[in-house]
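**Student:** Handing over query_30.cif, mmCIF, C-alpha atoms and all ligand atoms.
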```
data_final
#
loop_
_atom_site.label_atom_id
_atom_site.label_comp_id
_atom_site.auth_asym_id
_atom_site.auth_seq_id
_atom_site.Cartn_x
_atom_site.Cartn_y
_atom_site.Cartn_z
CA MET A 1 99.65 73.03 118.53
CA GLU A 2 103.33 72.60 117.58
CA ARG A 3 105.27 75.85 117.70
CA PHE A 4 108.23 76.75 115.42
CA ASP A 5 110.27 79.86 114.72
CA ILE A 6 109.83 79.50 110.96
CA VAL A 7 107.42 77.57 108.76
CA ILE A 8 108.69 77.18 105.18
CA ILE A 9 105.95 76.39 102.64
CA GLY A 10 107.29 74.33 99.72
CA ALA A 11 110.22 71.89 99.75
CA GLY A 12 111.51 72.51 96.22
CA ILE A 13 115.00 73.93 95.78
CA ALA A 14 113.93 77.37 97.06
CA GLY A 15 112.45 76.15 100.35
CA ALA A 16 115.21 73.57 100.83
CA SER A 17 118.00 76.14 100.42
CA VAL A 18 116.38 78.51 102.93
CA ALA A 19 115.90 75.60 105.37
CA TRP A 20 119.58 74.65 105.09
CA HIS A 21 120.78 78.21 105.62
CA MET A 22 118.41 78.91 108.52
CA ALA A 23 118.52 75.55 110.36
CA PRO A 24 121.47 76.55 112.59
CA HIS A 25 119.58 79.66 113.69
CA ALA A 26 115.94 78.67 114.17
CA ARG A 27 113.42 75.88 114.82
CA ILE A 28 112.15 75.10 111.35
CA VAL A 29 109.46 72.99 109.76
CA LEU A 30 109.35 72.58 105.99
CA LEU A 31 105.83 71.81 104.73
CA GLU A 32 105.45 70.13 101.33
CA ALA A 33 102.08 69.43 99.70
CA GLU A 34 103.30 66.46 97.65
CA ALA A 35 104.39 63.04 98.91
CA HIS A 36 107.95 63.75 97.70
CA PRO A 37 109.88 67.04 97.67
CA GLY A 38 111.09 68.05 94.21
CA TYR A 39 108.01 66.70 92.41
CA HIS A 40 107.31 70.01 90.63
CA SER A 41 109.73 72.47 88.96
CA THR A 42 112.82 71.39 90.89
CA GLY A 43 112.59 67.82 89.60
CA ARG A 44 111.91 68.92 86.01
CA SER A 45 114.72 71.33 85.15
CA ALA A 46 117.29 71.18 82.36
CA ALA A 47 119.95 71.13 85.09
CA PHE A 48 122.44 73.67 83.88
CA TYR A 49 124.34 76.52 85.49
CA ALA A 50 125.07 79.43 83.15
CA GLU A 51 125.93 82.94 84.24
CA THR A 52 124.75 84.09 80.82
CA TYR A 53 121.24 82.69 81.42
CA GLY A 54 118.32 84.51 83.01
CA GLY A 55 119.37 88.07 82.19
CA PRO A 56 121.87 90.53 83.68
CA ALA A 57 119.67 91.20 86.75
CA VAL A 58 119.85 87.53 87.73
CA GLN A 59 123.56 87.13 87.01
CA PRO A 60 124.80 88.35 90.43
CA LEU A 61 122.87 85.57 92.20
CA THR A 62 124.15 82.98 89.72
CA THR A 63 127.75 84.17 89.91
CA GLY A 64 127.36 84.42 93.69
CA SER A 65 126.44 80.72 93.78
CA LYS A 66 129.48 79.58 91.82
CA ALA A 67 131.86 79.01 94.74
CA PHE A 68 129.25 76.85 96.49
CA PHE A 69 128.74 74.69 93.40
CA MET A 70 132.47 74.30 92.83
CA ALA A 71 133.40 73.59 96.45
CA PRO A 72 130.38 72.82 98.64
CA PRO A 73 130.84 72.58 102.40
CA GLU A 74 132.45 69.37 103.74
CA GLY A 75 129.90 66.53 103.86
CA PHE A 76 127.24 68.39 101.84
CA ALA A 77 127.12 65.80 99.04
CA SER A 78 128.93 62.57 98.21
CA VAL A 79 129.25 63.48 94.50
CA PRO A 80 130.33 66.69 92.73
CA LEU A 81 127.45 69.16 92.35
CA VAL A 82 128.58 70.28 88.89
CA ARG A 83 130.45 69.01 85.83
CA PRO A 84 131.96 71.28 83.14
CA ARG A 85 129.77 71.74 80.05
CA GLY A 86 130.27 75.19 78.46
CA ALA A 87 127.45 77.09 76.78
CA LEU A 88 127.44 78.22 73.17
CA HIS A 89 124.85 80.88 72.31
CA VAL A 90 124.37 80.61 68.56
CA ALA A 91 123.43 83.71 66.55
CA PRO A 92 121.71 83.23 63.17
CA PRO A 93 122.25 85.65 60.25
CA GLY A 94 120.78 89.06 61.03
CA ARG A 95 121.42 88.75 64.77
CA GLU A 96 125.01 90.09 64.81
CA ALA A 97 123.92 92.87 67.20
CA ALA A 98 122.75 90.30 69.74
CA ILE A 99 126.33 89.00 70.06
CA ALA A 100 127.76 92.38 71.01
CA SER A 101 124.88 93.12 73.33
CA MET A 102 125.16 89.80 75.17
CA VAL A 103 128.91 90.19 75.65
CA ALA A 104 128.42 93.76 76.94
CA ASP A 105 125.72 92.58 79.36
CA PHE A 106 127.55 89.62 80.88
CA GLN A 107 131.30 90.12 80.48
CA PRO A 108 131.72 92.68 83.31
CA LEU A 109 130.83 90.03 85.96
CA SER A 110 131.96 87.01 83.94
CA PRO A 111 135.15 88.00 82.08
CA ALA A 112 135.49 84.58 80.44
CA VAL A 113 132.42 85.27 78.28
CA GLN A 114 133.65 85.88 74.70
CA PRO A 115 132.21 86.62 71.24
CA LEU A 116 132.90 83.96 68.61
CA THR A 117 133.14 84.07 64.82
CA CYS A 118 131.02 81.81 62.65
CA GLU A 119 134.07 79.59 62.03
CA ALA A 120 134.77 79.23 65.75
CA VAL A 121 131.12 78.34 66.48
CA LEU A 122 131.14 75.65 63.76
CA ALA A 123 134.45 74.25 65.03
CA MET A 124 132.88 73.79 68.48
CA ALA A 125 129.59 72.43 67.15
CA PRO A 126 130.02 70.99 63.64
CA VAL A 127 126.48 69.60 63.84
CA LEU A 128 125.12 73.14 63.25
CA ARG A 129 124.04 74.04 59.71
CA PRO A 130 126.53 76.76 58.57
CA GLU A 131 123.86 78.80 56.78
CA ARG A 132 122.11 79.21 60.15
CA VAL A 133 125.16 80.64 61.95
CA VAL A 134 126.70 84.12 61.83
CA GLY A 135 128.63 83.90 65.10
CA GLY A 136 128.03 83.31 68.77
CA VAL A 137 128.89 83.87 72.41
CA TRP A 138 130.97 81.39 74.40
CA ASP A 139 130.38 80.95 78.12
CA PRO A 140 133.07 78.44 79.18
CA ASP A 141 131.99 78.33 82.83
CA CYS A 142 128.57 76.76 82.15
CA GLN A 143 128.15 73.53 84.13
CA ASP A 144 125.75 70.59 84.32
CA ILE A 145 124.20 70.57 87.80
CA ASP A 146 123.43 67.39 89.73
CA VAL A 147 120.08 68.80 90.87
CA ALA A 148 119.15 65.77 92.99
CA ALA A 149 122.46 65.98 94.88
CA LEU A 150 122.02 69.72 95.47
CA HIS A 151 118.41 69.37 96.62
CA GLN A 152 119.12 66.36 98.85
CA GLY A 153 122.21 68.10 100.22
CA PHE A 154 120.08 71.03 101.36
CA LEU A 155 117.30 68.83 102.78
CA ALA A 156 119.55 66.32 104.55
CA GLY A 157 121.81 69.07 105.91
CA ALA A 158 118.82 71.01 107.25
CA ARG A 159 117.44 67.89 108.93
CA ARG A 160 120.83 67.11 110.51
CA GLN A 161 120.64 70.57 112.09
CA GLY A 162 117.17 69.92 113.51
CA ALA A 163 114.78 71.11 110.80
CA LEU A 164 111.71 68.95 110.22
CA LEU A 165 110.41 68.01 106.75
CA ARG A 166 106.71 67.15 106.49
CA CYS A 167 105.50 65.81 103.14
CA ALA A 168 101.84 65.37 102.14
CA ALA A 169 101.27 68.47 104.28
CA ARG A 170 99.49 70.97 102.04
CA VAL A 171 98.96 74.37 103.66
CA THR A 172 95.24 75.19 103.50
CA GLY A 173 94.93 78.17 105.84
CA LEU A 174 97.10 80.99 107.24
CA HIS A 175 96.14 83.62 109.75
CA ARG A 176 97.95 85.69 112.34
CA GLN A 177 96.84 85.60 115.95
CA ASP A 178 98.58 86.91 119.08
CA GLY A 179 101.74 87.70 117.07
CA LEU A 180 102.05 84.21 115.57
CA TRP A 181 101.13 82.65 112.23
CA GLN A 182 98.60 79.84 112.64
CA VAL A 183 99.16 77.42 109.77
CA ALA A 184 96.50 74.86 108.87
CA THR A 185 97.69 71.87 106.83
CA THR A 186 96.33 68.55 105.63
CA ALA A 187 98.68 66.91 108.17
CA GLY A 188 97.79 68.99 111.23
CA ASP A 189 98.23 72.57 112.37
CA VAL A 190 101.41 74.39 113.42
CA SER A 191 102.26 77.93 114.52
CA ALA A 192 105.34 80.09 113.92
CA ASP A 193 106.70 83.62 114.15
CA ILE A 194 107.60 83.67 110.47
CA VAL A 195 106.15 82.08 107.34
CA VAL A 196 108.46 81.69 104.31
CA ASN A 197 106.46 81.40 101.10
CA ALA A 198 108.54 79.15 98.80
CA ALA A 199 105.55 77.57 97.09
CA GLY A 200 106.83 77.99 93.51
CA ALA A 201 103.97 78.36 91.02
CA TRP A 202 101.52 78.39 93.95
CA ALA A 203 103.20 81.27 95.83
CA ASP A 204 100.49 83.81 94.95
CA GLU A 205 97.78 81.37 96.06
CA VAL A 206 99.59 80.89 99.39
CA ALA A 207 99.83 84.67 99.81
CA GLN A 208 96.09 84.98 99.25
CA LEU A 209 95.48 82.42 102.03
CA ALA A 210 97.32 84.84 104.33
CA GLY A 211 95.52 87.94 103.04
CA VAL A 212 98.76 89.20 101.45
CA ALA A 213 98.62 90.93 98.05
CA PRO A 214 99.90 88.62 95.28
CA LEU A 215 103.06 89.44 93.32
CA GLY A 216 101.34 88.83 89.97
CA LEU A 217 103.35 85.66 89.36
CA SER A 218 103.05 84.10 85.94
CA PRO A 219 103.74 80.33 85.85
CA ARG A 220 104.84 79.34 82.34
CA ARG A 221 105.17 75.88 80.86
CA ARG A 222 108.62 74.79 79.63
CA THR A 223 109.05 71.51 77.76
CA VAL A 224 112.03 69.18 77.32
CA LEU A 225 112.21 66.10 75.10
CA VAL A 226 114.85 63.38 75.04
CA CYS A 227 115.82 61.83 71.70
CA LYS A 228 118.55 59.82 69.99
CA PRO A 229 118.77 61.69 66.69
CA ASP A 230 119.92 60.24 63.36
CA GLY A 231 122.87 61.97 61.72
CA PRO A 232 126.15 62.99 63.33
CA PRO A 233 126.90 61.04 66.52
CA ILE A 234 126.23 62.93 69.76
CA ASP A 235 129.51 64.22 71.18
CA PRO A 236 129.21 63.78 74.96
CA ALA A 237 131.51 66.80 75.39
CA MET A 238 129.36 69.04 73.19
CA PRO A 239 128.53 72.36 74.86
CA LEU A 240 125.00 73.34 75.73
CA LEU A 241 123.74 74.87 72.47
CA LEU A 242 121.29 77.77 72.81
CA ASP A 243 119.81 79.94 70.13
CA ILE A 244 120.89 83.46 71.12
CA ASP A 245 117.22 84.56 71.17
CA GLU A 246 116.32 81.43 73.13
CA THR A 247 114.00 79.78 70.63
CA TRP A 248 115.56 76.35 71.40
CA TYR A 249 118.39 74.72 73.32
CA ALA A 250 119.98 71.28 73.39
CA LYS A 251 122.51 69.39 75.46
CA PRO A 252 123.84 65.82 75.51
CA ASP A 253 123.02 63.52 78.41
CA ALA A 254 123.90 59.84 78.78
CA GLY A 255 124.12 59.13 75.03
CA ALA A 256 120.92 61.04 74.21
CA LEU A 257 120.00 64.66 73.56
CA TRP A 258 117.79 66.89 75.73
CA VAL A 259 116.06 69.50 73.55
CA SER A 260 113.69 72.30 74.51
CA PRO A 261 111.73 74.72 72.31
CA ALA A 262 112.16 77.28 75.12
CA ASP A 263 108.38 77.54 75.37
CA GLU A 264 106.79 79.96 77.84
CA THR A 265 103.06 79.24 77.75
CA PRO A 266 101.19 80.89 80.66
CA MET A 267 99.39 78.26 82.77
CA PRO A 268 97.55 78.12 86.09
CA PRO A 269 99.61 76.31 88.77
CA CYS A 270 99.22 72.57 88.08
CA ASP A 271 100.98 69.25 87.45
CA VAL A 272 101.83 70.39 83.93
CA GLN A 273 102.39 67.93 81.05
CA PRO A 274 103.91 68.44 77.56
CA ASP A 275 101.74 69.68 74.72
CA GLU A 276 101.96 67.72 71.41
CA LEU A 277 102.41 70.92 69.38
CA ASP A 278 105.37 72.04 71.52
CA LEU A 279 107.01 68.65 70.98
CA ALA A 280 106.56 68.99 67.20
CA ILE A 281 107.97 72.55 67.32
CA THR A 282 110.99 71.28 69.27
CA ILE A 283 111.83 68.73 66.59
CA ASP A 284 111.28 71.25 63.80
CA ARG A 285 113.62 73.83 65.38
CA LEU A 286 116.35 71.27 66.09
CA GLN A 287 116.20 69.88 62.56
CA ALA A 288 116.26 73.39 61.03
CA ALA A 289 119.34 74.42 63.01
CA THR A 290 121.38 71.19 62.87
CA TYR A 291 122.12 68.13 60.72
CA TRP A 292 120.21 65.94 63.19
CA THR A 293 116.84 64.35 62.44
CA VAL A 294 114.63 62.94 65.16
CA PRO A 295 113.14 59.51 64.44
CA ARG A 296 111.18 59.35 67.68
CA ILE A 297 110.87 60.90 71.13
CA GLU A 298 112.28 58.71 73.91
CA ARG A 299 110.56 60.67 76.68
CA SER A 300 109.47 64.19 77.51
CA TRP A 301 108.36 66.36 80.39
CA SER A 302 107.20 69.86 81.21
CA GLY A 303 107.51 72.03 84.28
CA LEU A 304 106.45 75.50 85.35
CA ARG A 305 108.86 78.44 85.44
CA SER A 306 107.21 81.19 87.50
CA PHE A 307 108.08 84.81 86.81
CA THR A 308 107.33 88.06 88.61
CA PRO A 309 106.29 90.94 86.30
CA SER A 310 109.94 92.18 86.32
CA ARG A 311 111.28 88.62 85.71
CA THR A 312 113.50 88.95 88.78
CA PRO A 313 112.91 86.83 91.90
CA HIS A 314 111.32 88.36 95.00
CA TYR A 315 112.98 87.81 98.40
CA GLY A 316 111.93 89.68 101.52
CA PHE A 317 109.16 90.49 103.97
CA ALA A 318 105.74 91.61 102.74
CA SER A 319 105.23 95.18 103.92
CA GLU A 320 101.58 94.66 104.85
CA ALA A 321 101.91 91.43 106.89
CA PRO A 322 104.40 91.03 109.76
CA GLY A 323 106.46 87.85 109.51
CA PHE A 324 105.36 86.93 105.97
CA PHE A 325 108.48 86.37 103.84
CA TRP A 326 108.52 85.96 100.05
CA CYS A 327 110.88 83.53 98.32
CA ALA A 328 109.30 83.32 94.88
CA GLY A 329 109.61 84.06 91.16
CA GLN A 330 112.73 81.98 90.46
CA GLY A 331 111.73 81.63 86.80
CA GLY A 332 114.19 79.55 84.78
CA PHE A 333 117.14 80.05 87.12
CA GLY A 334 116.03 78.77 90.54
CA ILE A 335 118.56 75.91 90.63
CA GLN A 336 121.64 77.84 89.53
CA THR A 337 120.88 80.69 91.97
CA ALA A 338 119.76 78.57 94.96
CA PRO A 339 122.96 78.72 97.04
CA ALA A 340 123.27 82.53 96.92
CA ALA A 341 119.50 83.07 97.15
CA GLY A 342 119.34 80.92 100.30
CA ALA A 343 122.18 82.94 101.85
CA LEU A 344 120.43 86.20 100.94
CA CYS A 345 117.19 84.98 102.54
CA ARG A 346 119.12 83.93 105.67
CA ASP A 347 120.64 87.41 106.01
CA LEU A 348 117.25 89.10 105.52
CA LEU A 349 115.54 86.76 108.01
CA LEU A 350 118.29 87.09 110.62
CA GLY A 351 118.23 90.86 110.26
CA VAL A 352 114.63 90.88 111.42
CA MET A 353 114.97 88.11 114.00
CA SER A 354 117.80 89.91 115.78
CA SER A 355 116.16 93.36 115.68
C1 LIG B 1 111.91 72.55 81.84
C2 LIG B 1 112.60 73.42 82.86
C3 LIG B 1 113.96 73.65 82.72
C4 LIG B 1 114.62 74.40 83.70
N1 LIG B 1 115.99 74.49 83.63
C5 LIG B 1 116.66 75.12 84.61
C6 LIG B 1 118.09 75.13 84.58
O1 LIG B 1 118.72 74.55 83.70
N2 LIG B 1 118.74 75.81 85.59
C7 LIG B 1 118.05 76.45 86.59
O2 LIG B 1 118.68 77.05 87.45
N3 LIG B 1 116.69 76.44 86.63
C8 LIG B 1 116.00 75.78 85.66
N4 LIG B 1 114.63 75.75 85.70
C9 LIG B 1 113.93 76.52 86.75
C10 LIG B 1 113.92 75.82 88.08
O3 LIG B 1 113.51 74.47 87.91
C11 LIG B 1 112.97 76.56 89.03
O4 LIG B 1 113.32 77.93 89.09
C12 LIG B 1 113.05 76.01 90.44
O5 LIG B 1 112.92 74.61 90.46
C13 LIG B 1 111.96 76.65 91.31
O6 LIG B 1 112.05 76.05 92.59
P1 LIG B 1 110.92 76.26 93.65
O7 LIG B 1 111.35 75.56 94.89
O8 LIG B 1 110.56 77.70 93.72
O9 LIG B 1 109.62 75.55 93.01
P2 LIG B 1 109.11 74.03 93.08
O10 LIG B 1 110.21 73.07 92.83
O11 LIG B 1 107.92 73.93 92.21
O12 LIG B 1 108.71 73.86 94.60
C14 LIG B 1 107.57 74.49 95.15
C15 LIG B 1 106.92 73.48 96.07
O13 LIG B 1 105.87 74.09 96.81
C16 LIG B 1 104.89 73.10 97.05
N5 LIG B 1 103.64 73.75 97.42
C17 LIG B 1 102.84 74.52 96.64
N6 LIG B 1 101.76 74.92 97.33
C18 LIG B 1 101.87 74.39 98.57
C19 LIG B 1 101.05 74.43 99.73
N7 LIG B 1 99.88 75.11 99.76
N8 LIG B 1 101.46 73.75 100.84
C20 LIG B 1 102.64 73.08 100.84
N9 LIG B 1 103.45 73.00 99.75
C21 LIG B 1 103.06 73.65 98.63
C22 LIG B 1 104.81 72.36 95.74
O14 LIG B 1 104.26 71.07 95.90
C23 LIG B 1 106.27 72.33 95.30
O15 LIG B 1 106.93 71.12 95.64
C24 LIG B 1 113.92 74.99 84.77
C25 LIG B 1 112.55 74.78 84.89
C26 LIG B 1 111.89 73.99 83.94
C27 LIG B 1 110.42 73.73 84.12
#
```
Please, can you express the file's structure as structure tokens?
**Tutor:**
Amino acid sequence: MERFDIVIIGAGIAGASVAWHMAPHARIVLLEAEAHPGYHSTGRSAAFYAETYGGPAVQPLTTGSKAFFMAPPEGFASVPLVRPRGALHVAPPGREAAIASMVADFQPLSPAVQPLTCEAVLAMAPVLRPERVVGGVWDPDCQDIDVAALHQGFLAGARRQGALLRCAARVTGLHRQDGLWQVATTAGDVSADIVVNAAGAWADEVAQLAGVAPLGLSPRRRTVLVCKPDGPPIDPAMPLLLDIDETWYAKPDAGALWVSPADETPMPPCDVQPDELDLAITIDRLQAATYWTVPRIERSWSGLRSFTPSRTPHYGFASEAPGFFWCAGQGGFGIQTAPAAGALCRDLLLGVMSS
């Protein structure tokens, strides 16, 4: 049986970032159930970086990833990982308190975050219906992320440093014997000192294979549709528009608009697809908040955002199982936090490996 230092289960952004950070330090195999890495949540995101997104508990990992996005290591990617976008959180009448509370939550770590008057919001986004705006919060550092470049950068960099990537290798069994994890997969068995569980929506199922107590992860469907609305032309420089209570968001992309109803429907782990009602709700919310009307949907997709009960990600060793490491619960922020999260996992893993 092939022997490794670390088996990483799942080659989405979480597993790929840990592989990249750990490849210089350990013999690694990355096991992915699907034929292509990135098939699930990682390939289905809305691709933005916003320090004001995901809640104050997540902000340190997002802010901690900023330097990597802005200036990745030499040779990491052949294109920039991010492009400036800006995020405008729009408060409707009655939600004045949400503006002050958001600024208080995020400004200490991100001083550029500012409250905006109704006039300033409408000047930035004249497509908004004025009667639906009382003010807003401006996050100028929000960026569009080139998710494919980030993901491939991690995978290719890890492989250059000796890590192996095995696709169509679903993990079906995990048990510990003679101080090693024995890992059964649909593409053959391997053994390792450490198992990293980066299986996204399936992370609790993987834990159960190993006899480890689940985290209580809740995978939730999130939908995005692409349209070319009638009405005011789409300004390609328009900021990401988000309702301050996250009931919808929209951003321009390649002459079209990506719109989400910010749905969070609990689902079992699966290859999730959009629900017709969510698509109708998306159009309704966009049309109520803006002067746009949607003649038809060009395309749509859904993905799973998996949350722990506290809605913060879980990184670290399981107390009841030696060598079983959690890297799960990245919710709606797993792309924007991946560089710092991978570095955190590296430090935690190296702490144990050297002790
Ligand atoms: C619509 C939408 C919009 C989003 N927008 C953003 C955004 O703008 N910014 C942001 O930062 N985040 C965003 N997210 C969240 C982000 O996409 C996720 O947090 C992130 O992709 C999670 O990465 P992951 O590697 O944990 O999961 P995944 O990408 O799902 O990877 C897990 C992998 O594990 C594999 N796997 C599962 N079980 C096994 C097994 N038994 N054996 C082997 N492999 C297995 C799966 O096949 C899968 O490829 C969004 C998500 C959605 C759905």
**Student:** Need to verify the contact set: range 35-40 of chain A, 12 Å, all atoms listed in the file, exclusion of same-chain residues closer than 5 positions in sequence. Can you return it as a PyMOL selection string?
**Tutor:** chain A and resi 9-16+30+45+147-152+154-156+165-170+186-187+199-202+219+221+269-273+301-306+335
**Student:** For a cut-off of 10 Å around (119.5, 71.2, 114.0), file coordinates, pick out all residues using all atoms listed in the file and list them as a list in words.
**Tutor:**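 Taken together, the residues in range are Trp20, Met22, Ala23, Pro24, His25, Ala26, Arg27, Ile28, Gly157, Ala158, Arg159, Arg160, Gln161, Gly162, Ala163 and Leu164 of chain A.
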**Student:** At a cut-off of 9 Å, using only C-alpha atoms, what residues contact Glu298 in chain A? Leave out same-chain residues fewer than 5 positions from it and give the result as number ranges by chain.
**Tutor:** A: 225-228, 256
**Student:** Which residue out of A:Leu257, A:Val121, A:Leu241, A:Ile194 has the minimum interatomic distance to Gly86 in chain A when only C-alpha atoms are used?
**Tutor:**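 Checking each of A:Leu257, A:Val121, A:Leu241, A:Ile194 against Gly86 in chain A, counting only C-alpha atoms, the winner is A:Leu241.
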**Student:** Considering all atoms listed in the file, state which residue in the set A:Ala321, A:Ala328, A:Val294, A:Met70 is at the smallest distance from ligand LIG 1 (chain B).
**Tutor:**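 The closest residue to ligand LIG 1 (chain B) is A:Ala328.
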**Student:** Determine, counting all atoms listed in the file, which protein, DNA and RNA residues have an atom within 7 Å of an atom of range 282-293 of chain A; residues of the same chain fewer than 6 positions away are not included. Present the result as a list in words.
**Tutor:**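 Result of the neighbour search: Val127, Leu128, Arg129, Arg132, Pro229, Asp230, Gly231, Pro232, Trp248, Val259, Ser260 and Pro261 of chain A.
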**Student:** Expressed in Å to a single decimal, how great is the separation between CA of Gln107 in chain A and CA of Glu264 in chain A?
**Tutor:**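 Answer for the CA of Gln107 in chain A to CA of Glu264 in chain A separation: 26.7 Å.
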**Student:** In terms of the shortest atom-to-atom distance over only C-alpha atoms, which of A:Ala77, A:Ile145, A:Ala192, A:Ala33 is closest to Thr172 in chain A?
**Tutor:**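 Once distances to Thr172 in chain A are computed over only C-alpha atoms, the minimum belongs to A:Ala33.
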**Student:** To one decimal in Å, tell me the separation between CA of Val134 in chain A and CA of Glu119 in chain A.
**Tutor:**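 We find that CA of Val134 in chain A and CA of Glu119 in chain A lie 8.7 Å from each other.
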**Student:** Just give me the gap between CA of Leu116 in chain A and CA of Ala104 in chain A in Å, one decimal is fine.
**Tutor:** 13.6 Å
**Student:** Here is a test: counting all atoms listed in the file, which residue of A:Phe324, A:Tyr53, A:Phe48, A:Tyr249 is nearest to Phe69 in chain A?
**Tutor:**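 The answer is A:Phe48, which sits nearest to Phe69 in chain A.
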**Student:** Mind giving me the axis-aligned box for ligand LIG 1 (chain B) with 5 Å on every side, centre plus edges in Å to one decimal, as lines of an AutoDock Vina configuration file?
**Tutor:**
```
center_x = 109.3
center_y = 74.5
center_z = 91.3
size_x = 28.9
size_y = 16.9
size_z = 29.0
```
**Student:** Rank A:Cys142, A:Ala67, A:Ile281, A:Cys327 by their smallest atom-to-atom distance to Ala87 in chain A, using only C-alpha atoms, and report the top residue only.
**Tutor:** A:Cys142
